[in-house]
>>> print(open('start.pdb').read())   # PDB, C-alpha atoms (C1' of nucleotides) and all ligand atoms
ATOM      1  CA  MET A 492       0.000   0.000   0.000
ATOM      2  CA  ASN A 493       1.405   3.355  -1.055
ATOM      3  CA  THR A 494       1.606   6.430   1.138
ATOM      4  CA  LYS A 495      -1.638   7.967  -0.183
ATOM      5  CA  MET A 496      -3.547   4.818   0.684
ATOM      6  CA  MET A 497      -1.907   4.803   4.114
ATOM      7  CA  ASN A 498      -3.267   8.301   4.706
ATOM      8  CA  ILE A 499      -6.739   7.246   3.687
ATOM      9  CA  LYS A 500      -6.470   4.196   5.926
ATOM     10  CA  SER A 501      -5.553   6.267   8.962
ATOM     11  CA  GLU A 502      -8.317   8.719   8.155
ATOM     12  CA  LEU A 503     -10.827   5.887   8.386
ATOM     13  CA  GLU A 504      -9.317   4.635  11.626
ATOM     14  CA  LYS A 505      -9.319   8.140  13.052
ATOM     15  CA  HIS A 506     -13.108   8.110  12.614
ATOM     16  CA  GLY A 507     -13.519   4.655  14.135
ATOM     17  CA  ILE A 508     -14.144   2.865  10.840
ATOM     18  CA  LYS A 509     -12.534  -0.471  10.063
ATOM     19  CA  PRO A 510     -10.508   0.143   6.887
ATOM     20  CA  THR A 511     -11.689  -2.521   4.478
ATOM     21  CA  TYR A 512     -10.587  -2.519   0.854
ATOM     22  CA  GLN A 513     -13.998  -1.349  -0.398
ATOM     23  CA  ARG A 514     -14.134   1.501   2.102
ATOM     24  CA  LEU A 515     -10.609   2.593   1.216
ATOM     25  CA  CYS A 516     -11.579   2.716  -2.448
ATOM     26  CA  VAL A 517     -14.806   4.647  -1.825
ATOM     27  CA  LEU A 518     -13.054   7.246   0.316
ATOM     28  CA  GLU A 519     -10.163   7.510  -2.134
ATOM     29  CA  PHE A 520     -12.573   8.100  -4.999
ATOM     30  CA  ILE A 521     -14.543  10.823  -3.214
ATOM     31  CA  GLU A 522     -11.352  12.582  -2.116
ATOM     32  CA  GLN A 523      -9.875  12.562  -5.586
ATOM     33  CA  SER A 524     -13.167  13.508  -7.257
ATOM     34  CA  GLN A 525     -13.734  17.136  -8.190
ATOM     35  CA  ASP A 526     -17.409  16.971  -8.987
ATOM     36  CA  HIS A 527     -19.397  15.869  -5.929
ATOM     37  CA  PRO A 528     -20.210  12.333  -7.124
ATOM     38  CA  THR A 529     -23.430  10.384  -6.659
ATOM     39  CA  ALA A 530     -23.533   6.841  -5.265
ATOM     40  CA  ASP A 531     -23.833   5.652  -8.839
ATOM     41  CA  HIS A 532     -20.814   7.634 -10.048
ATOM     42  CA  ILE A 533     -18.780   5.979  -7.340
ATOM     43  CA  TYR A 534     -20.128   2.548  -8.187
ATOM     44  CA  GLU A 535     -19.524   2.876 -11.926
ATOM     45  CA  ASN A 536     -15.902   3.821 -11.347
ATOM     46  CA  LEU A 537     -15.062   1.312  -8.648
ATOM     47  CA  VAL A 538     -16.686  -1.659 -10.369
ATOM     48  CA  LYS A 539     -13.957  -1.381 -13.002
ATOM     49  CA  LYS A 540     -11.321  -2.080 -10.373
ATOM     50  CA  ILE A 541     -13.421  -4.366  -8.143
ATOM     51  CA  PRO A 542     -15.701  -6.416 -10.435
ATOM     52  CA  THR A 543     -17.616  -7.920  -7.498
ATOM     53  CA  MET A 544     -18.452  -4.485  -6.094
ATOM     54  CA  SER A 545     -22.113  -4.125  -5.153
ATOM     55  CA  ARG A 546     -24.194  -0.985  -5.269
ATOM     56  CA  THR A 547     -25.465  -1.866  -1.801
ATOM     57  CA  THR A 548     -21.909  -1.691  -0.490
ATOM     58  CA  ILE A 549     -21.609   1.833  -1.878
ATOM     59  CA  TYR A 550     -24.794   2.873  -0.097
ATOM     60  CA  ASN A 551     -23.791   1.098   3.124
ATOM     61  CA  THR A 552     -20.394   2.754   3.044
ATOM     62  CA  LEU A 553     -21.742   6.212   2.306
ATOM     63  CA  ASN A 554     -24.275   5.956   5.125
ATOM     64  CA  LEU A 555     -21.512   4.835   7.487
ATOM     65  CA  PHE A 556     -19.309   7.738   6.399
ATOM     66  CA  LEU A 557     -22.241  10.088   6.971
ATOM     67  CA  GLU A 558     -22.821   8.780  10.508
ATOM     68  CA  LYS A 559     -19.161   9.219  11.319
ATOM     69  CA  GLY A 560     -19.057  12.686   9.822
ATOM     70  CA  LEU A 561     -16.519  11.830   7.125
ATOM     71  CA  VAL A 562     -18.669  13.051   4.245
ATOM     72  CA  VAL A 563     -21.407  15.610   3.709
ATOM     73  CA  PRO A 564     -24.547  15.077   1.600
ATOM     74  CA  LEU A 565     -25.644  17.683  -0.928
ATOM     75  CA  THR A 566     -29.323  17.734  -1.926
ATOM     76  CA  ILE A 567     -28.858  20.484  -4.456
ATOM     77  CA  THR A 568     -30.252  18.694  -7.519
ATOM     78  CA  GLY A 569     -33.292  17.240  -5.792
ATOM     79  CA  THR A 570     -33.076  14.025  -7.796
ATOM     80  CA  GLU A 571     -30.154  12.293  -6.118
ATOM     81  CA  VAL A 572     -27.695  12.835  -3.274
ATOM     82  CA  ARG A 573     -24.199  14.108  -4.051
ATOM     83  CA  TYR A 574     -21.318  13.604  -1.641
ATOM     84  CA  GLU A 575     -18.160  15.453  -0.695
ATOM     85  CA  ILE A 576     -15.489  15.147   1.949
ATOM     86  CA  THR A 577     -16.203  17.136   5.086
ATOM     87  CA  THR A 578     -13.993  20.195   4.834
ATOM     88  CA  GLY A 579     -14.168  23.908   5.416
ATOM     89  CA  GLN A 580     -17.561  25.503   4.973
ATOM     90  CA  HIS A 581     -18.350  26.503   1.405
ATOM     91  CA  HIS A 582     -21.361  26.910  -0.834
ATOM     92  CA  HIS A 583     -22.340  25.347  -4.158
ATOM     93  CA  PHE A 584     -23.500  26.413  -7.599
ATOM     94  CA  LEU A 585     -25.509  24.028  -9.813
ATOM     95  CA  CYS A 586     -25.605  24.740 -13.541
ATOM     96  CA  LEU A 587     -29.117  24.041 -14.797
ATOM     97  CA  LYS A 588     -27.747  23.532 -18.308
ATOM     98  CA  CYS A 589     -24.724  21.243 -17.943
ATOM     99  CA  GLY A 590     -25.467  19.900 -14.460
ATOM    100  CA  ARG A 591     -21.995  20.640 -13.127
ATOM    101  CA  ILE A 592     -21.642  21.571  -9.455
ATOM    102  CA  TYR A 593     -19.076  24.220  -8.567
ATOM    103  CA  ASP A 594     -17.633  25.108  -5.193
ATOM    104  CA  VAL A 595     -18.353  28.695  -4.242
ATOM    105  CA  ASN A 596     -16.099  30.316  -1.699
ATOM    106  CA  ILE A 597     -17.861  33.250  -0.150
ATOM    107  CA  GLN A 598     -17.623  34.511   3.366
ATOM    108  CA  CYS A 599     -21.060  33.656   4.681
ATOM    109  CA  PRO A 600     -21.788  35.589   7.882
ATOM    110  CA  LEU A 601     -23.930  32.698   9.159
ATOM    111  CA  SER A 602     -21.266  30.019   8.903
ATOM    112  CA  GLN A 603     -20.300  30.350  12.554
ATOM    113  CA  SER A 604     -23.827  30.548  13.921
ATOM    114  CA  LYS A 605     -24.914  27.789  16.266
ATOM    115  CA  THR A 606     -28.592  28.737  16.209
ATOM    116  CA  VAL A 607     -31.232  30.556  14.131
ATOM    117  CA  ASP A 608     -34.534  31.624  15.641
ATOM    118  CA  GLY A 609     -33.793  29.323  18.572
ATOM    119  CA  HIS A 610     -33.237  26.250  16.369
ATOM    120  CA  GLN A 611     -29.980  24.349  16.873
ATOM    121  CA  ILE A 612     -27.948  24.263  13.659
ATOM    122  CA  GLN A 613     -26.075  21.126  12.621
ATOM    123  CA  GLU A 614     -25.654  21.731   8.889
ATOM    124  CA  ILE A 615     -25.637  24.816   6.694
ATOM    125  CA  HIS A 616     -26.096  24.569   2.935
ATOM    126  CA  GLY A 617     -25.898  27.427   0.465
ATOM    127  CA  TYR A 618     -27.159  26.451  -2.974
ATOM    128  CA  PHE A 619     -27.057  28.686  -6.034
ATOM    129  CA  LYS A 620     -28.656  27.602  -9.300
ATOM    130  CA  GLY A 621     -28.405  29.139 -12.745
ATOM    131  CA  ILE A 622     -26.171  29.076 -15.809
ATOM    132  CA  CYS A 623     -22.484  28.555 -15.261
ATOM    133  CA  LYS A 624     -19.614  30.617 -16.603
ATOM    134  CA  ASN A 625     -18.854  28.020 -19.289
ATOM    135  CA  CYS A 626     -22.425  27.597 -20.509
ATOM    136  CA  LEU A 627     -22.972  31.365 -20.789
ATOM    137  CA  ASN A 628     -20.780  31.478 -23.922
TER     138      ASN A 628
ATOM    139  CA  MET B1110     -66.942  32.009  -6.004
ATOM    140  CA  ASN B1111     -65.933  34.025  -2.940
ATOM    141  CA  THR B1112     -63.489  36.919  -2.938
ATOM    142  CA  LYS B1113     -60.486  34.794  -1.869
ATOM    143  CA  MET B1114     -61.057  32.453  -4.787
ATOM    144  CA  MET B1115     -61.384  35.447  -7.096
ATOM    145  CA  ASN B1116     -57.960  36.636  -5.977
ATOM    146  CA  ILE B1117     -56.468  33.223  -6.633
ATOM    147  CA  LYS B1118     -58.166  33.163 -10.019
ATOM    148  CA  SER B1119     -56.695  36.493 -11.063
ATOM    149  CA  GLU B1120     -53.298  35.417  -9.773
ATOM    150  CA  LEU B1121     -53.390  32.470 -12.167
ATOM    151  CA  GLU B1122     -54.534  34.665 -15.037
ATOM    152  CA  LYS B1123     -51.828  37.202 -14.256
ATOM    153  CA  HIS B1124     -49.309  34.415 -14.874
ATOM    154  CA  GLY B1125     -50.946  33.285 -18.106
ATOM    155  CA  ILE B1126     -52.513  30.155 -16.631
ATOM    156  CA  LYS B1127     -56.052  29.140 -17.435
ATOM    157  CA  PRO B1128     -57.848  29.013 -14.079
ATOM    158  CA  THR B1129     -59.361  25.556 -13.936
ATOM    159  CA  TYR B1130     -60.989  24.257 -10.776
ATOM    160  CA  GLN B1131     -58.115  21.865 -10.021
ATOM    161  CA  ARG B1132     -55.528  24.596 -10.461
ATOM    162  CA  LEU B1133     -57.463  26.973  -8.238
ATOM    163  CA  CYS B1134     -57.563  24.350  -5.505
ATOM    164  CA  VAL B1135     -53.868  23.515  -5.772
ATOM    165  CA  LEU B1136     -52.839  27.148  -5.587
ATOM    166  CA  GLU B1137     -55.251  27.828  -2.754
ATOM    167  CA  PHE B1138     -53.861  24.923  -0.776
ATOM    168  CA  ILE B1139     -50.236  25.963  -1.208
ATOM    169  CA  GLU B1140     -51.020  29.563  -0.276
ATOM    170  CA  GLN B1141     -52.894  28.592   2.849
ATOM    171  CA  SER B1142     -50.350  25.932   3.837
ATOM    172  CA  GLN B1143     -47.743  26.828   6.423
ATOM    173  CA  ASP B1144     -45.468  23.853   6.028
ATOM    174  CA  HIS B1145     -44.096  23.714   2.476
ATOM    175  CA  PRO B1146     -46.173  20.748   1.257
ATOM    176  CA  THR B1147     -45.116  17.910  -1.023
ATOM    177  CA  ALA B1148     -47.089  16.867  -4.090
ATOM    178  CA  ASP B1149     -48.521  14.073  -1.992
ATOM    179  CA  HIS B1150     -49.580  16.381   0.844
ATOM    180  CA  ILE B1151     -51.504  18.430  -1.694
ATOM    181  CA  TYR B1152     -53.063  15.341  -3.255
ATOM    182  CA  GLU B1153     -54.145  13.817   0.061
ATOM    183  CA  ASN B1154     -55.911  17.014   1.048
ATOM    184  CA  LEU B1155     -57.541  17.847  -2.260
ATOM    185  CA  VAL B1156     -58.812  14.341  -2.941
ATOM    186  CA  LYS B1157     -61.165  14.805   0.000
ATOM    187  CA  LYS B1158     -62.841  17.680  -1.794
ATOM    188  CA  ILE B1159     -62.383  16.402  -5.362
ATOM    189  CA  PRO B1160     -62.718  12.600  -5.254
ATOM    190  CA  THR B1161     -61.686  12.227  -8.902
ATOM    191  CA  MET B1162     -58.453  14.150  -8.363
ATOM    192  CA  SER B1163     -55.430  12.423  -9.849
ATOM    193  CA  ARG B1164     -51.867  12.529  -8.571
ATOM    194  CA  THR B1165     -50.766  13.195 -12.138
ATOM    195  CA  THR B1166     -52.823  16.389 -12.159
ATOM    196  CA  ILE B1167     -50.986  17.559  -9.054
ATOM    197  CA  TYR B1168     -47.623  16.943 -10.714
ATOM    198  CA  ASN B1169     -48.761  18.549 -13.981
ATOM    199  CA  THR B1170     -50.050  21.580 -12.129
ATOM    200  CA  LEU B1171     -46.951  21.988  -9.986
ATOM    201  CA  ASN B1172     -44.691  21.758 -13.024
ATOM    202  CA  LEU B1173     -46.821  24.353 -14.793
ATOM    203  CA  PHE B1174     -46.668  26.658 -11.769
ATOM    204  CA  LEU B1175     -42.895  26.182 -11.681
ATOM    205  CA  GLU B1176     -42.526  27.136 -15.357
ATOM    206  CA  LYS B1177     -44.627  30.241 -14.819
ATOM    207  CA  GLY B1178     -42.715  31.192 -11.693
ATOM    208  CA  LEU B1179     -45.696  30.934  -9.367
ATOM    209  CA  VAL B1180     -44.062  28.496  -6.960
ATOM    210  CA  VAL B1181     -40.538  27.647  -5.833
ATOM    211  CA  PRO B1182     -39.196  24.121  -5.260
ATOM    212  CA  LEU B1183     -37.283  23.288  -2.091
ATOM    213  CA  THR B1184     -34.899  20.318  -2.199
ATOM    214  CA  ILE B1185     -34.016  20.579   1.467
ATOM    215  CA  THR B1186     -34.966  17.043   2.543
ATOM    216  CA  GLY B1187     -33.377  15.249  -0.393
ATOM    217  CA  THR B1188     -36.170  12.696  -0.550
ATOM    218  CA  GLU B1189     -38.964  14.721  -2.120
ATOM    219  CA  VAL B1190     -39.649  18.205  -3.441
ATOM    220  CA  ARG B1191     -41.441  20.712  -1.234
ATOM    221  CA  TYR B1192     -43.228  23.727  -2.681
ATOM    222  CA  GLU B1193     -43.980  27.267  -1.610
ATOM    223  CA  ILE B1194     -45.450  30.381  -3.175
ATOM    224  CA  THR B1195     -42.854  32.644  -4.759
ATOM    225  CA  THR B1196     -42.401  35.486  -2.307
ATOM    226  CA  GLY B1197     -39.650  37.542  -0.757
ATOM    227  CA  GLN B1198     -36.300  35.826  -0.390
ATOM    228  CA  HIS B1199     -35.959  33.813   2.787
ATOM    229  CA  HIS B1200     -34.123  30.760   4.058
ATOM    230  CA  HIS B1201     -35.283  27.477   5.579
ATOM    231  CA  PHE B1202     -34.605  25.298   8.589
ATOM    232  CA  LEU B1203     -35.311  21.542   8.520
ATOM    233  CA  CYS B1204     -35.704  19.742  11.828
ATOM    234  CA  LEU B1205     -33.990  16.364  11.565
ATOM    235  CA  LYS B1206     -36.158  15.044  14.392
ATOM    236  CA  CYS B1207     -39.730  16.105  13.587
ATOM    237  CA  GLY B1208     -39.246  16.905   9.897
ATOM    238  CA  ARG B1209     -40.858  20.320  10.125
ATOM    239  CA  ILE B1210     -39.585  23.083   7.840
ATOM    240  CA  TYR B1211     -39.413  26.604   9.250
ATOM    241  CA  ASP B1212     -39.005  29.891   7.441
ATOM    242  CA  VAL B1213     -35.887  31.740   8.498
ATOM    243  CA  ASN B1214     -35.789  35.451   7.952
ATOM    244  CA  ILE B1215     -32.221  36.622   7.923
ATOM    245  CA  GLN B1216     -30.700  39.363   5.883
ATOM    246  CA  CYS B1217     -28.502  37.396   3.518
ATOM    247  CA  PRO B1218     -25.940  39.663   1.867
ATOM    248  CA  LEU B1219     -25.994  37.493  -1.257
ATOM    249  CA  SER B1220     -29.716  37.773  -1.933
ATOM    250  CA  GLN B1221     -29.265  40.625  -4.373
ATOM    251  CA  SER B1222     -26.289  39.148  -6.222
ATOM    252  CA  LYS B1223     -26.780  38.394  -9.886
ATOM    253  CA  THR B1224     -23.556  36.367 -10.209
ATOM    254  CA  VAL B1225     -21.041  34.359  -8.193
ATOM    255  CA  ASP B1226     -17.596  33.529  -9.598
ATOM    256  CA  GLY B1227     -18.916  34.527 -13.029
ATOM    257  CA  HIS B1228     -21.890  32.135 -12.870
ATOM    258  CA  GLN B1229     -25.323  33.646 -13.544
ATOM    259  CA  ILE B1230     -27.629  33.154 -10.545
ATOM    260  CA  GLN B1231     -31.295  32.261 -11.021
ATOM    261  CA  GLU B1232     -32.117  30.746  -7.623
ATOM    262  CA  ILE B1233     -30.635  31.072  -4.155
ATOM    263  CA  HIS B1234     -31.406  28.545  -1.433
ATOM    264  CA  GLY B1235     -30.250  28.747   2.171
ATOM    265  CA  TYR B1236     -30.872  25.497   4.048
ATOM    266  CA  PHE B1237     -30.205  24.958   7.742
ATOM    267  CA  LYS B1238     -30.608  21.530   9.320
ATOM    268  CA  GLY B1239     -30.601  20.517  12.962
ATOM    269  CA  ILE B1240     -32.964  20.240  15.911
ATOM    270  CA  CYS B1241     -35.782  22.741  16.091
ATOM    271  CA  LYS B1242     -36.753  24.906  19.031
ATOM    272  CA  ASN B1243     -39.676  22.626  19.902
ATOM    273  CA  CYS B1244     -37.741  19.362  19.726
ATOM    274  CA  LEU B1245     -34.942  20.723  21.932
ATOM    275  CA  ASN B1246     -37.169  20.446  25.004
TER     276      ASN B1246
ATOM    277  C1'  DT C 579     -10.752 -26.315  13.822
ATOM    278  C1'  DA C 580     -15.145 -24.239  15.325
ATOM    279  C1'  DT C 581     -17.344 -20.166  16.235
ATOM    280  C1'  DC C 582     -18.869 -15.563  15.841
ATOM    281  C1'  DA C 583     -19.276 -10.638  14.695
ATOM    282  C1'  DG C 584     -18.737  -7.680  11.078
ATOM    283  C1'  DT C 585     -18.790  -7.008   6.054
ATOM    284  C1'  DT C 586     -20.108  -7.716   1.390
ATOM    285  C1'  DT C 587     -23.191  -9.135  -2.034
ATOM    286  C1'  DG C 588     -27.549 -10.005  -4.861
ATOM    287  C1'  DT C 589     -32.301  -9.637  -5.149
ATOM    288  C1'  DA C 590     -36.608  -7.792  -3.939
ATOM    289  C1'  DA C 591     -39.237  -3.904  -2.436
ATOM    290  C1'  DT C 592     -40.318   1.011  -1.801
ATOM    291  C1'  DG C 593     -41.632   5.482  -3.184
ATOM    292  C1'  DA C 594     -41.303   9.910  -5.755
ATOM    293  C1'  DA C 595     -41.721  11.382 -10.227
ATOM    294  C1'  DT C 596     -42.434  10.847 -15.242
ATOM    295  C1'  DA C 597     -44.368   8.839 -19.739
ATOM    296  C1'  DC C 598     -48.113   7.916 -22.204
ATOM    297  C1'  DA C 599     -52.585   7.465 -24.052
ATOM    298  C1'  DA C 600     -57.558   7.388 -23.274
ATOM    299  C1'  DA C 601     -61.459  10.048 -21.491
ATOM    300  C1'  DA C 602     -63.538  14.304 -20.333
ATOM    301  C1'  DA C 603     -64.120  19.204 -20.536
ATOM    302  C1'  DT C 604     -63.890  23.465 -23.027
ATOM    303  C1'  DG C 605     -64.874  26.636 -26.509
ATOM    304  C1'  DA C 606     -65.245  28.302 -31.097
ATOM    305  C1'  DT C 607     -67.836  28.021 -35.366
ATOM    306  C1'  DG C 608     -71.605  27.210 -38.462
TER     307       DG C 608
ATOM    308  C1'  DC D1286     -77.873  22.813 -31.219
ATOM    309  C1'  DA D1287     -74.228  19.835 -33.534
ATOM    310  C1'  DT D1288     -69.560  19.435 -34.851
ATOM    311  C1'  DC D1289     -64.892  19.434 -34.285
ATOM    312  C1'  DA D1290     -60.250  20.903 -32.508
ATOM    313  C1'  DT D1291     -57.719  21.951 -28.420
ATOM    314  C1'  DT D1292     -56.792  21.697 -23.699
ATOM    315  C1'  DT D1293     -57.115  19.438 -19.416
ATOM    316  C1'  DT D1294     -57.700  15.611 -16.502
ATOM    317  C1'  DT D1295     -57.266  10.961 -15.326
ATOM    318  C1'  DG D1296     -55.426   6.061 -14.762
ATOM    319  C1'  DT D1297     -51.916   2.958 -15.598
ATOM    320  C1'  DA D1298     -47.400   1.633 -16.583
ATOM    321  C1'  DT D1299     -42.610   2.767 -16.147
ATOM    322  C1'  DT D1300     -38.326   4.713 -14.416
ATOM    323  C1'  DC D1301     -34.887   5.408 -11.134
ATOM    324  C1'  DA D1302     -32.617   6.333  -6.581
ATOM    325  C1'  DT D1303     -32.546   4.241  -2.406
ATOM    326  C1'  DT D1304     -33.587   0.874   1.238
ATOM    327  C1'  DA D1305     -34.769  -3.875   3.179
ATOM    328  C1'  DC D1306     -33.387  -8.200   3.795
ATOM    329  C1'  DA D1307     -31.086 -12.451   3.971
ATOM    330  C1'  DA D1308     -27.387 -15.388   2.279
ATOM    331  C1'  DA D1309     -22.398 -15.735   1.570
ATOM    332  C1'  DC D1310     -17.990 -14.381   2.828
ATOM    333  C1'  DT D1311     -13.992 -12.716   5.895
ATOM    334  C1'  DG D1312     -10.898 -12.545   9.548
ATOM    335  C1'  DA D1313     -10.009 -12.876  14.325
ATOM    336  C1'  DT D1314     -10.169 -15.494  18.426
ATOM    337  C1'  DA D1315     -10.697 -19.524  21.628
TER     338       DA D1315
HETATM  339 MN    MN E1401     -18.058  21.267  -2.459
HETATM  340 MN    MN E1402     -40.610  29.238   3.050
HETATM  341 ZN    ZN E1403     -22.898  24.800 -17.149
HETATM  342 ZN    ZN E1404     -38.464  19.532  15.405
END
>>> encode(input="start.pdb", output="structure tokens")
Amino acid sequence: MNTKMMNIKSELEKHGIKPTYQRLCVLEFIEQSQDHPTADHIYENLVKKIPTMSRTTIYNTLNLFLEKGLVVPLTITGTEVRYEITTGQHHHFLCLKCGRIYDVNIQCPLSQSKTVDGHQIQEIHGYFKGICKNCLN
Amino acid sequence: MNTKMMNIKSELEKHGIKPTYQRLCVLEFIEQSQDHPTADHIYENLVKKIPTMSRTTIYNTLNLFLEKGLVVPLTITGTEVRYEITTGQHHHFLCLKCGRIYDVNIQCPLSQSKTVDGHQIQEIHGYFKGICKNCLN
DNA sequence: TATCAGTTTGTAATGAATACAAAAATGATG
DNA sequence: CATCATTTTTGTATTCATTACAAACTGATA
């Protein structure tokens, strides 16, 4: 196992997750992915390397990662869940033409808030939708 | 037809929508509803009054209202689309315990923006998730 | 080796939304 | 009123993401 895989392995262990081969591959794929993949994106890519890979394993793994706070779900499209590694707070832009999802780095004054109107905040999502820079041309 | 229904009728006409009975009832229900209903919520309520009502009509109507800009879709839960009347910009809080969706009125500095990172904005959604005021007790 | 918990896999089921075509309503025209 | 075209509504079948469930597999331990 190379050094990148060792890092991924220890990241799983740090979150109390037994580092199986499938889980390593799922986490590696999400980390390396730029475009907030769906469960199916992950499956379609991993099944090339692991022919016995099951879609159910992808879902099981993603739900485990969610519980342990390793990944964050994005419900921006409304048709399927997209995933990304839990990192610094940022917002997202969905292009209604090409479907691409862009990271948007803006200083949101609410990012640090723990409550709104007395409700206890656990997640904050900022979703923009429209036509992306590329598709405008 | 009472005066409230007349208002709803002219609201449809203002948006270039022929005011059929089904459409009047759907719009009336969404306007009067406090909790951002799903297509199924609307169906279950209207079928009491209109026994022949079809789920397909609800979906057709909602998609028409969306095209004409009468309603806004919320993808906050990730499992189904919620709808609300197009009004002033506001954000939403989803309680992960009871499932209720609250309006959140905060002055978001991005509400007026027409672009982010060169992307043309058409919709802005601010979603908070956590435990609501009621469920905290 | 026998056992056992945790993991992976395949198949079946669920549920929101769409596709599609028949039936019903509407509305203009003679 | 009768006819005919257009729009709207309805019911059924289908799609697709996700979950439910149980059998097969794995790896550690006694
Ligand atoms: Mn992101
Ligand atoms: Mn609202
Ligand atoms: Zn685009
Ligand atoms: Zn609550």
>>> resolve_selection(input="start.pdb", expression="the PyMOL selection byres (((not hetatm)) within 7 of (chain E and resi 1402))", output="PDB file with C-alpha atoms, keeping the file's coordinate frame")
ATOM      1  CA  HIS B1145     -44.096  23.714   2.476  1.00  0.00           C
ATOM      2  CA  GLU B1193     -43.980  27.267  -1.610  1.00  0.00           C
ATOM      3  CA  HIS B1199     -35.959  33.813   2.787  1.00  0.00           C
ATOM      4  CA  HIS B1200     -34.123  30.760   4.058  1.00  0.00           C
ATOM      5  CA  HIS B1201     -35.283  27.477   5.579  1.00  0.00           C
ATOM      6  CA  TYR B1211     -39.413  26.604   9.250  1.00  0.00           C
ATOM      7  CA  ASP B1212     -39.005  29.891   7.441  1.00  0.00           C
TER       8      ASP B1212
END
>>> interface_residues(input="start.pdb", of="chain B", to="chain A", cutoff="8 Å", atoms="all atoms listed in the file", output="list in words")
Thr1184, Ile1185, Thr1186, Gly1187, Thr1188, Glu1189, Val1190, Phe1202, Val1213, Val1225, Asp1226, Gly1227, His1228, Gln1229, Ile1230, Gln1231, Glu1232, Ile1233, His1234, Gly1235, Tyr1236, Phe1237, Lys1238, Gly1239, Ile1240, Cys1241, Lys1242 and Leu1245 of chain B
>>> closest_atom_pairs(input="start.pdb", of="chain D", to="chain B", cutoff="12 Å", atoms="all atoms listed in the file", output="tab-separated table")
residue	atom	partner	partner_atom	distance
D:DT1292	C1'	B:Lys1127	CA	9.8
D:DT1293	C1'	B:Thr1129	CA	8.5
D:DT1294	C1'	B:Thr1166	CA	6.6
D:DT1295	C1'	B:Ser1163	CA	6.0
D:DG1296	C1'	B:Ser1163	CA	8.0
D:DT1297	C1'	B:Thr1165	CA	10.9
D:DA1302	C1'	B:Thr1188	CA	9.5
D:DT1303	C1'	B:Thr1188	CA	9.4
>>> atom_distance(input="start.pdb", atom1="C1' of DA590 (chain C)", atom2="CA of Asp531 (chain A)")
19.2 Å
>>> interface_residues(input="start.pdb", of="chain C", to="chain B", cutoff="12 Å", atoms="only C-alpha atoms (C1' of nucleotides)", output="list in words")
DG593, DA594, DA595, DT596, DA597, DC598, DA602, DA603 and DT604 of chain C
>>> decode(input="start.pdb", residues="region 1135-1144 of chain B", atoms="N, CA, C and O atoms", output="short mmCIF file (atom, residue, chain, number, x, y, z; two decimals), in the first residue's frame")
data_model
loop_
_atom_site.label_atom_id
_atom_site.label_comp_id
_atom_site.auth_asym_id
_atom_site.auth_seq_id
_atom_site.Cartn_x
_atom_site.Cartn_y
_atom_site.Cartn_z
N VAL B 1135 -55.28 23.76 -6.09
CA VAL B 1135 -53.87 23.52 -5.77
C VAL B 1135 -53.22 24.80 -5.27
O VAL B 1135 -52.54 24.81 -4.23
N LEU B 1136 -53.45 25.89 -6.00
CA LEU B 1136 -52.84 27.15 -5.59
C LEU B 1136 -53.37 27.60 -4.23
O LEU B 1136 -52.60 28.03 -3.37
N GLU B 1137 -54.68 27.45 -4.04
CA GLU B 1137 -55.25 27.83 -2.75
C GLU B 1137 -54.61 27.04 -1.63
O GLU B 1137 -54.25 27.59 -0.58
N PHE B 1138 -54.43 25.74 -1.84
CA PHE B 1138 -53.86 24.92 -0.78
C PHE B 1138 -52.43 25.34 -0.44
O PHE B 1138 -52.05 25.44 0.73
N ILE B 1139 -51.62 25.58 -1.47
CA ILE B 1139 -50.24 25.96 -1.21
C ILE B 1139 -50.18 27.31 -0.49
O ILE B 1139 -49.40 27.49 0.43
N GLU B 1140 -51.03 28.24 -0.91
CA GLU B 1140 -51.02 29.56 -0.28
C GLU B 1140 -51.39 29.49 1.19
O GLU B 1140 -50.77 30.13 2.03
N GLN B 1141 -52.39 28.66 1.49
CA GLN B 1141 -52.89 28.59 2.85
C GLN B 1141 -51.99 27.72 3.74
O GLN B 1141 -52.03 27.83 4.96
N SER B 1142 -51.18 26.88 3.08
CA SER B 1142 -50.35 25.93 3.84
C SER B 1142 -49.16 26.63 4.48
O SER B 1142 -48.54 27.50 3.89
N GLN B 1143 -48.87 26.22 5.70
CA GLN B 1143 -47.74 26.83 6.42
C GLN B 1143 -46.47 26.00 6.28
O GLN B 1143 -45.38 26.49 6.56
N ASP B 1144 -46.60 24.76 5.86
CA ASP B 1144 -45.47 23.85 6.03
C ASP B 1144 -44.87 23.30 4.74
O ASP B 1144 -44.44 22.15 4.71
#
